[in-house]
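Trainee: mmCIF, C-alpha atoms, saved as start_23.cif, coming up:
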data_model
#
loop_
_atom_site.group_PDB
_atom_site.id
_atom_site.type_symbol
_atom_site.label_atom_id
_atom_site.label_comp_id
_atom_site.auth_asym_id
_atom_site.auth_seq_id
_atom_site.Cartn_x
_atom_site.Cartn_y
_atom_site.Cartn_z
ATOM 1 C CA MET A 1 -169.283 -124.299 -170.129
ATOM 2 C CA GLU A 2 -168.141 -123.591 -173.683
ATOM 3 C CA MET A 3 -164.927 -121.975 -174.945
ATOM 4 C CA LYS A 4 -164.596 -120.844 -178.569
ATOM 5 C CA VAL A 5 -160.914 -120.808 -179.528
ATOM 6 C CA ARG A 6 -158.760 -119.976 -182.528
ATOM 7 C CA LEU A 7 -155.442 -121.747 -183.037
ATOM 8 C CA THR A 8 -152.798 -120.151 -185.265
ATOM 9 C CA LEU A 9 -150.028 -122.477 -186.382
ATOM 10 C CA THR A 10 -146.521 -121.172 -185.758
ATOM 11 C CA GLU A 11 -145.002 -124.215 -187.535
ATOM 12 C CA GLU A 12 -146.349 -126.367 -190.352
ATOM 13 C CA ALA A 13 -148.690 -129.175 -189.284
ATOM 14 C CA LEU A 14 -148.656 -132.631 -190.870
ATOM 15 C CA GLY A 15 -151.575 -134.777 -191.969
ATOM 16 C CA MET A 16 -152.288 -137.895 -189.927
ATOM 17 C CA MET A 17 -154.575 -140.032 -192.096
ATOM 18 C CA PRO A 18 -153.235 -142.624 -194.523
ATOM 19 C CA ALA A 19 -153.800 -141.722 -198.170
ATOM 20 C CA ASN A 20 -154.483 -145.381 -198.910
ATOM 21 C CA LYS A 21 -158.249 -145.738 -198.413
ATOM 22 C CA GLU A 22 -158.041 -149.527 -198.077
ATOM 23 C CA LEU A 23 -155.486 -149.251 -195.270
ATOM 24 C CA HIS A 24 -157.709 -146.724 -193.520
ATOM 25 C CA GLU A 25 -160.792 -148.901 -193.947
ATOM 26 C CA THR A 26 -159.237 -152.147 -192.780
ATOM 27 C CA TYR A 27 -157.211 -150.887 -189.847
ATOM 28 C CA ILE A 28 -157.934 -147.419 -188.533
ATOM 29 C CA ALA A 29 -161.617 -147.006 -189.371
ATOM 30 C CA SER A 30 -162.318 -150.521 -188.052
ATOM 31 C CA LYS A 31 -161.619 -149.067 -184.601
ATOM 32 C CA ALA A 32 -164.538 -146.598 -184.948
ATOM 33 C CA PRO A 33 -167.619 -147.567 -182.916
ATOM 34 C CA ASP A 34 -170.187 -147.288 -185.723
ATOM 35 C CA ALA A 35 -170.402 -147.779 -189.482
ATOM 36 C CA PRO A 36 -171.679 -144.299 -190.525
ATOM 37 C CA LYS A 37 -168.584 -142.679 -189.015
ATOM 38 C CA ILE A 38 -166.347 -145.183 -190.809
ATOM 39 C CA GLU A 39 -167.914 -144.330 -194.193
ATOM 40 C CA GLU A 40 -167.737 -140.586 -193.446
ATOM 41 C CA GLU A 41 -164.045 -140.778 -192.576
ATOM 42 C CA ILE A 42 -163.121 -142.885 -195.620
ATOM 43 C CA ALA A 43 -164.953 -140.490 -197.953
ATOM 44 C CA ALA A 44 -163.181 -137.484 -196.403
ATOM 45 C CA VAL A 45 -159.689 -138.789 -197.236
ATOM 46 C CA GLY A 46 -160.492 -137.917 -200.886
ATOM 47 C CA VAL A 47 -157.089 -138.490 -202.452
ATOM 48 C CA GLY A 48 -156.297 -139.192 -206.090
ATOM 49 C CA GLU A 49 -154.630 -142.237 -207.527
ATOM 50 C CA VAL A 50 -151.341 -140.337 -207.844
ATOM 51 C CA VAL A 51 -150.719 -140.048 -204.089
ATOM 52 C CA GLU A 52 -148.267 -142.564 -202.688
ATOM 53 C CA LYS A 53 -149.807 -145.313 -200.595
ATOM 54 C CA THR A 54 -147.562 -144.544 -197.637
ATOM 55 C CA MET A 55 -148.284 -140.808 -197.509
ATOM 56 C CA THR A 56 -150.388 -139.361 -194.701
ATOM 57 C CA VAL A 57 -152.832 -136.622 -195.630
ATOM 58 C CA PHE A 58 -155.471 -134.311 -194.234
ATOM 59 C CA PRO A 59 -159.101 -135.249 -194.785
ATOM 60 C CA LYS A 60 -160.836 -132.755 -197.119
ATOM 61 C CA LEU A 61 -164.228 -131.105 -197.228
ATOM 62 C CA GLU A 62 -166.131 -131.325 -200.529
ATOM 63 C CA ASP A 63 -164.537 -128.048 -201.684
ATOM 64 C CA GLY A 64 -161.025 -129.402 -200.984
ATOM 65 C CA THR A 65 -160.471 -127.550 -197.694
ATOM 66 C CA PRO A 66 -158.331 -129.641 -195.304
ATOM 67 C CA PHE A 67 -159.650 -130.194 -191.802
ATOM 68 C CA PHE A 68 -158.983 -131.837 -188.455
ATOM 69 C CA TRP A 69 -161.475 -134.284 -186.946
ATOM 70 C CA ASP A 70 -162.816 -133.473 -183.475
ATOM 71 C CA TYR A 71 -161.170 -136.589 -182.017
ATOM 72 C CA GLN A 72 -157.749 -135.390 -183.213
ATOM 73 C CA ILE A 73 -158.143 -132.260 -181.068
ATOM 74 C CA ARG A 74 -159.259 -134.381 -178.110
ATOM 75 C CA GLY A 75 -156.243 -136.624 -178.704
ATOM 76 C CA MET A 76 -154.037 -133.532 -178.472
ATOM 77 C CA PHE A 77 -155.633 -132.795 -175.068
ATOM 78 C CA LYS A 78 -154.854 -136.333 -173.872
ATOM 79 C CA ASP A 79 -151.256 -136.063 -175.046
ATOM 80 C CA SER A 80 -150.817 -132.655 -173.391
ATOM 81 C CA ILE A 81 -152.376 -133.700 -170.091
ATOM 82 C CA GLY A 82 -150.236 -136.845 -170.076
ATOM 83 C CA MET A 83 -147.095 -134.723 -170.189
ATOM 84 C CA LEU A 84 -148.216 -131.770 -168.034
ATOM 85 C CA ARG A 85 -149.456 -133.971 -165.190
ATOM 86 C CA ARG A 86 -145.788 -134.784 -164.449
ATOM 87 C CA ILE A 87 -145.276 -131.171 -163.280
ATOM 88 C CA LYS A 88 -146.442 -130.828 -159.684
ATOM 89 C CA ASP A 89 -147.726 -127.237 -159.783
ATOM 90 C CA LYS A 90 -149.873 -127.725 -162.908
ATOM 91 C CA LYS A 91 -153.646 -128.165 -162.801
ATOM 92 C CA CYS A 92 -153.194 -131.242 -165.017
ATOM 93 C CA SER A 93 -151.181 -132.949 -162.247
ATOM 94 C CA LYS A 94 -154.328 -133.275 -160.147
ATOM 95 C CA LEU A 95 -156.218 -135.310 -162.770
ATOM 96 C CA THR A 96 -156.483 -139.048 -162.277
ATOM 97 C CA SER A 97 -157.765 -141.296 -165.077
ATOM 98 C CA TYR A 98 -157.241 -138.307 -167.343
ATOM 99 C CA LYS A 99 -158.037 -140.203 -170.566
ATOM 100 C CA LYS A 100 -161.481 -141.069 -169.195
ATOM 101 C CA VAL A 101 -161.940 -137.433 -168.154
ATOM 102 C CA VAL A 102 -161.241 -136.258 -171.720
ATOM 103 C CA ASP A 103 -163.429 -139.003 -173.211
ATOM 104 C CA GLY A 104 -166.373 -138.286 -170.934
ATOM 105 C CA LEU A 105 -166.233 -134.598 -169.989
ATOM 106 C CA ILE A 106 -164.360 -132.666 -172.707
ATOM 107 C CA PHE A 107 -165.894 -132.407 -176.171
ATOM 108 C CA VAL A 108 -165.341 -130.463 -179.377
ATOM 109 C CA ASN A 109 -168.693 -129.327 -180.786
ATOM 110 C CA GLU A 110 -167.675 -129.321 -184.455
ATOM 111 C CA ARG A 111 -167.089 -132.776 -186.009
ATOM 112 C CA LYS A 112 -164.962 -131.337 -188.841
ATOM 113 C CA ILE A 113 -162.689 -128.353 -188.107
ATOM 114 C CA PRO A 114 -161.649 -126.574 -191.338
ATOM 115 C CA ILE A 115 -158.101 -125.264 -191.629
ATOM 116 C CA HIS A 116 -157.972 -121.733 -193.048
ATOM 117 C CA LEU A 117 -154.764 -121.872 -195.047
ATOM 118 C CA SER A 118 -152.221 -119.045 -194.974
ATOM 119 C CA GLY A 119 -150.637 -120.309 -198.201
ATOM 120 C CA PRO A 120 -150.368 -123.391 -200.388
ATOM 121 C CA MET A 121 -150.264 -126.868 -198.897
ATOM 122 C CA GLY A 122 -146.954 -128.692 -199.086
ATOM 123 C CA ASP A 123 -145.424 -131.943 -198.051
ATOM 124 C CA CYS A 124 -142.803 -133.075 -195.578
ATOM 125 C CA GLN A 125 -140.487 -136.008 -196.064
ATOM 126 C CA ARG A 126 -138.369 -137.215 -193.172
ATOM 127 C CA PRO A 127 -136.413 -140.299 -192.164
ATOM 128 C CA LEU A 128 -137.737 -142.600 -189.471
ATOM 129 C CA ARG A 129 -134.997 -144.416 -187.580
ATOM 130 C CA ALA A 130 -135.480 -147.480 -185.420
ATOM 131 C CA ASP A 131 -133.198 -149.919 -183.650
ATOM 132 C CA THR A 132 -134.562 -153.392 -184.318
ATOM 133 C CA MET A 133 -133.415 -156.931 -183.495
ATOM 134 C CA GLN A 134 -131.918 -157.012 -187.003
ATOM 135 C CA GLY A 135 -130.020 -153.764 -186.383
ATOM 136 C CA PRO A 136 -130.704 -150.102 -187.232
ATOM 137 C CA ARG A 137 -133.377 -149.467 -189.853
ATOM 138 C CA VAL A 138 -134.330 -146.296 -191.701
ATOM 139 C CA ALA A 139 -137.580 -145.661 -193.585
ATOM 140 C CA LEU A 140 -138.921 -142.551 -195.285
ATOM 141 C CA ALA A 141 -142.107 -140.937 -193.992
ATOM 142 C CA HIS A 142 -144.080 -138.619 -196.258
ATOM 143 C CA SER A 143 -146.902 -136.342 -195.094
ATOM 144 C CA GLU A 144 -149.065 -133.617 -196.543
ATOM 145 C CA SER A 145 -148.586 -130.327 -194.666
ATOM 146 C CA VAL A 146 -150.402 -127.060 -194.016
ATOM 147 C CA PRO A 147 -148.267 -123.936 -193.588
ATOM 148 C CA ALA A 148 -147.492 -121.877 -190.497
ATOM 149 C CA GLY A 149 -149.952 -118.998 -190.150
ATOM 150 C CA SER A 150 -152.941 -121.219 -190.955
ATOM 151 C CA THR A 151 -155.802 -121.064 -188.445
ATOM 152 C CA LEU A 152 -158.614 -123.242 -187.146
ATOM 153 C CA GLU A 153 -161.533 -122.392 -184.879
ATOM 154 C CA PHE A 154 -163.603 -124.715 -182.750
ATOM 155 C CA THR A 155 -165.742 -124.805 -179.622
ATOM 156 C CA ILE A 156 -164.690 -126.804 -176.566
ATOM 157 C CA ASN A 157 -167.603 -128.035 -174.467
ATOM 158 C CA LEU A 158 -166.656 -128.740 -170.831
ATOM 159 C CA LEU A 159 -169.225 -130.689 -168.831
ATOM 160 C CA ASP A 160 -167.259 -129.842 -165.662
ATOM 161 C CA ASP A 161 -166.370 -126.136 -165.323
ATOM 162 C CA SER A 162 -163.426 -126.999 -163.051
ATOM 163 C CA LEU A 163 -161.602 -128.361 -166.135
ATOM 164 C CA GLU A 164 -161.220 -124.892 -167.670
ATOM 165 C CA GLY A 165 -157.754 -124.413 -166.144
ATOM 166 C CA VAL A 166 -156.649 -127.817 -167.478
ATOM 167 C CA ILE A 167 -157.772 -126.910 -171.009
ATOM 168 C CA ARG A 168 -156.023 -123.544 -170.837
ATOM 169 C CA GLU A 169 -152.792 -125.284 -169.756
ATOM 170 C CA CYS A 170 -153.099 -127.702 -172.677
ATOM 171 C CA LEU A 171 -153.680 -124.902 -175.168
ATOM 172 C CA ASP A 172 -150.719 -122.928 -173.759
ATOM 173 C CA TYR A 173 -148.588 -126.068 -174.126
ATOM 174 C CA GLY A 174 -149.329 -125.988 -177.868
ATOM 175 C CA LYS A 175 -146.577 -123.410 -178.388
ATOM 176 C CA LEU A 176 -144.109 -126.128 -177.345
ATOM 177 C CA ARG A 177 -145.800 -129.330 -178.519
ATOM 178 C CA GLY A 178 -148.459 -128.893 -181.169
ATOM 179 C CA LEU A 179 -150.905 -131.158 -182.936
ATOM 180 C CA GLY A 180 -150.608 -133.522 -185.853
ATOM 181 C CA GLN A 181 -147.713 -135.822 -186.699
ATOM 182 C CA TRP A 182 -144.079 -135.343 -185.733
ATOM 183 C CA ARG A 183 -144.896 -133.040 -182.794
ATOM 184 C CA ASN A 184 -141.612 -133.885 -181.091
ATOM 185 C CA SER A 185 -139.789 -132.063 -183.940
ATOM 186 C CA GLY A 186 -141.863 -128.906 -183.464
ATOM 187 C CA CYS A 187 -144.400 -129.540 -186.235
ATOM 188 C CA GLY A 188 -147.916 -128.348 -185.475
ATOM 189 C CA ARG A 189 -146.943 -125.812 -182.816
ATOM 190 C CA PHE A 190 -149.544 -123.099 -182.307
ATOM 191 C CA VAL A 191 -150.629 -120.115 -180.275
ATOM 192 C CA TRP A 192 -154.256 -119.692 -179.268
ATOM 193 C CA GLU A 193 -156.810 -117.079 -178.325
ATOM 194 C CA GLU A 194 -160.348 -117.151 -177.070
ATOM 195 C CA VAL A 195 -162.810 -115.649 -179.552
ATOM 196 C CA ALA A 196 -166.418 -114.533 -179.287
ATOM 197 C CA ALA A 197 -168.940 -117.261 -180.005
#
Take the structure from the file and write it as structure tokens.

Mentor:
Amino acid sequence: MEMKVRLTLTEEALGMMPANKELHETYIASKAPDAPKIEEEIAAVGVGEVVEKTMTVFPKLEDGTPFFWDYQIRGMFKDSIGMLRRIKDKKCSKLTSYKKVVDGLIFVNERKIPIHLSGPMGDCQRPLRADTMQGPRVALAHSESVPAGSTLEFTINLLDDSLEGVIRECLDYGKLRGLGQWRNSGCGRFVWEEVAA
């Protein structure tokens, strides 16, 4: 079963990839299962020398259009199911080994999902607070952002039709907890609709 959906951001969404290509290559991309995907992801970061090393960004298509990777959408499903399965009357609550279910039965057909911008891209700076053994610490996080009103469309491929209700719950949950970084603050919230394929 396939579902073609359109997400419309109701709050800005933040980029999740480090702007520093070396950091991405040595840590994050090293987790990818094969070399061609690693090279593809590093090339897509496409940031200039002027971007701070600690900034997180969106990968870009050749024409500069920001996009989400398919695995970032699937990660959003895992996060949503993980929370919704705590509510007894939800379809998500019946899933066991839900991460394996997403990995093996729920796919996004498009590898790169372009973001159709509703306005200019921006950035978001925010403090990160942590209580450490040495006492409270504060650091500054800096992320590229896409504005509310921006849209993205993709096709969800379900190998088990019974998972449709789970996916619909996850997409509905997006109005409360979106996708991208800093979701707990409300960033990346969205509404969704099913569209014709």

Trainee: With a distance cut-off of 6 Å and all atoms listed in the file, select the neighbouring residues of stretch 140-155 of chain A, excluding the residue or stretch itself and same-chain residues fewer than 4 positions from it, and output the selection as an NGL selection string.

Mentor: :A and (3-15 or 55-57 or 108-109 or 115-118 or 121-128)

Trainee: Translate the PyMOL selection byres ((chain A and resi 106) around 9) into a concrete residue list for this structure, as JSON, numbers by chain.

Mentor: {"A": [74, 101, 102, 103, 104, 105, 107, 108, 156, 157, 158, 159, 160, 163, 167]}

Trainee: The PyMOL selection byres ((chain A and resi 169-182) around 8) on the file shown: which residues, as a list in words?

Mentor: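 Output of the PyMOL selection byres ((chain A and resi 169-182) around 8): Thr10, Ala13, Leu14, Gly15, Met16, Gln72, Ile73, Met76, Phe77, Ser80, Ile81, Leu84, Lys90, Lys91, Cys92, Gly165, Val166, Ile167, Arg168, Arg183, Asn184, Ser185, Gly186, Cys187, Gly188, Arg189, Phe190, Val191 and Trp192 of chain A.
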
Trainee: Would you compute the distance between atom CA of A:Gly64 and atom CA of A:Glu194? Give it in Å to one decimal.

Mentor: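 It comes out at 26.9 Å.
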
Trainee: Return as AutoDock Vina command-line options the centre and edge lengths, in Å with one decimal, of the box along x, y and z that encloses every atom of stretch 167-181 of chain A in the file, padded by 5 Å per side.

Mentor:
--center_x -150.9 --center_y -129.4 --center_z -178.2 --size_x 23.7 --size_y 22.9 --size_z 26.9

Trainee: Excluding A:Arg111 and residues on its chain fewer than 3 positions from it, collect all residues at most 9 Å away from it, counting all atoms listed in the file, and give them as number ranges by chain.

Mentor: A: 68-71, 108

Trainee: Quick one, how far is atom CA of A:Ile113 from atom CA of A:Lys78?

Mentor: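 Going from atom CA of A:Ile113 over to atom CA of A:Lys78, I get 18.1 Å.
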
Trainee: For a test of reading the model, state the distance in Å between atom CA of A:Phe67 and atom CA of A:Gly82, rounded to one decimal.

Mentor: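 Between these atoms lies a distance of 24.6 Å.
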
Trainee: Atoms are missing here; could stretch 152-163 of chain A be completed with N, CA, C and O atoms and written as a PDB file, in the frame of the given file?

Mentor:
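out.pdb written:
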ATOM      1  N   LEU A 152    -157.414-122.428-187.281  1.00  0.00           N
ATOM      2  CA  LEU A 152    -158.614-123.242-187.146  1.00  0.00           C
ATOM      3  C   LEU A 152    -159.366-122.781-185.914  1.00  0.00           C
ATOM      4  O   LEU A 152    -158.754-122.340-184.940  1.00  0.00           O
ATOM      5  N   GLU A 153    -160.686-122.808-185.996  1.00  0.00           N
ATOM      6  CA  GLU A 153    -161.533-122.392-184.879  1.00  0.00           C
ATOM      7  C   GLU A 153    -162.481-123.519-184.516  1.00  0.00           C
ATOM      8  O   GLU A 153    -163.018-124.194-185.392  1.00  0.00           O
ATOM      9  N   PHE A 154    -162.678-123.696-183.216  1.00  0.00           N
ATOM     10  CA  PHE A 154    -163.603-124.715-182.750  1.00  0.00           C
ATOM     11  C   PHE A 154    -164.086-124.354-181.354  1.00  0.00           C
ATOM     12  O   PHE A 154    -163.535-123.469-180.689  1.00  0.00           O
ATOM     13  N   THR A 155    -165.132-125.046-180.920  1.00  0.00           N
ATOM     14  CA  THR A 155    -165.742-124.805-179.622  1.00  0.00           C
ATOM     15  C   THR A 155    -165.507-126.006-178.722  1.00  0.00           C
ATOM     16  O   THR A 155    -165.819-127.143-179.091  1.00  0.00           O
ATOM     17  N   ILE A 156    -164.939-125.753-177.554  1.00  0.00           N
ATOM     18  CA  ILE A 156    -164.690-126.804-176.566  1.00  0.00           C
ATOM     19  C   ILE A 156    -165.843-126.774-175.572  1.00  0.00           C
ATOM     20  O   ILE A 156    -166.164-125.723-175.010  1.00  0.00           O
ATOM     21  N   ASN A 157    -166.474-127.915-175.379  1.00  0.00           N
ATOM     22  CA  ASN A 157    -167.603-128.035-174.467  1.00  0.00           C
ATOM     23  C   ASN A 157    -167.142-128.807-173.235  1.00  0.00           C
ATOM     24  O   ASN A 157    -166.804-129.987-173.334  1.00  0.00           O
ATOM     25  N   LEU A 158    -167.090-128.129-172.094  1.00  0.00           N
ATOM     26  CA  LEU A 158    -166.656-128.740-170.831  1.00  0.00           C
ATOM     27  C   LEU A 158    -167.886-129.054-169.981  1.00  0.00           C
ATOM     28  O   LEU A 158    -168.635-128.158-169.618  1.00  0.00           O
ATOM     29  N   LEU A 159    -168.092-130.317-169.677  1.00  0.00           N
ATOM     30  CA  LEU A 159    -169.225-130.689-168.831  1.00  0.00           C
ATOM     31  C   LEU A 159    -168.938-130.413-167.362  1.00  0.00           C
ATOM     32  O   LEU A 159    -169.860-130.393-166.552  1.00  0.00           O
ATOM     33  N   ASP A 160    -167.668-130.191-167.025  1.00  0.00           N
ATOM     34  CA  ASP A 160    -167.259-129.842-165.662  1.00  0.00           C
ATOM     35  C   ASP A 160    -166.455-128.543-165.747  1.00  0.00           C
ATOM     36  O   ASP A 160    -165.350-128.525-166.284  1.00  0.00           O
ATOM     37  N   ASP A 161    -167.018-127.455-165.236  1.00  0.00           N
ATOM     38  CA  ASP A 161    -166.370-126.136-165.323  1.00  0.00           C
ATOM     39  C   ASP A 161    -164.981-126.111-164.687  1.00  0.00           C
ATOM     40  O   ASP A 161    -164.138-125.302-165.061  1.00  0.00           O
ATOM     41  N   SER A 162    -164.725-127.008-163.731  1.00  0.00           N
ATOM     42  CA  SER A 162    -163.426-126.999-163.051  1.00  0.00           C
ATOM     43  C   SER A 162    -162.290-127.424-163.985  1.00  0.00           C
ATOM     44  O   SER A 162    -161.118-127.273-163.645  1.00  0.00           O
ATOM     45  N   LEU A 163    -162.626-127.935-165.165  1.00  0.00           N
ATOM     46  CA  LEU A 163    -161.602-128.361-166.135  1.00  0.00           C
ATOM     47  C   LEU A 163    -161.091-127.213-167.006  1.00  0.00           C
ATOM     48  O   LEU A 163    -160.176-127.412-167.809  1.00  0.00           O
TER      49      LEU A 163
END
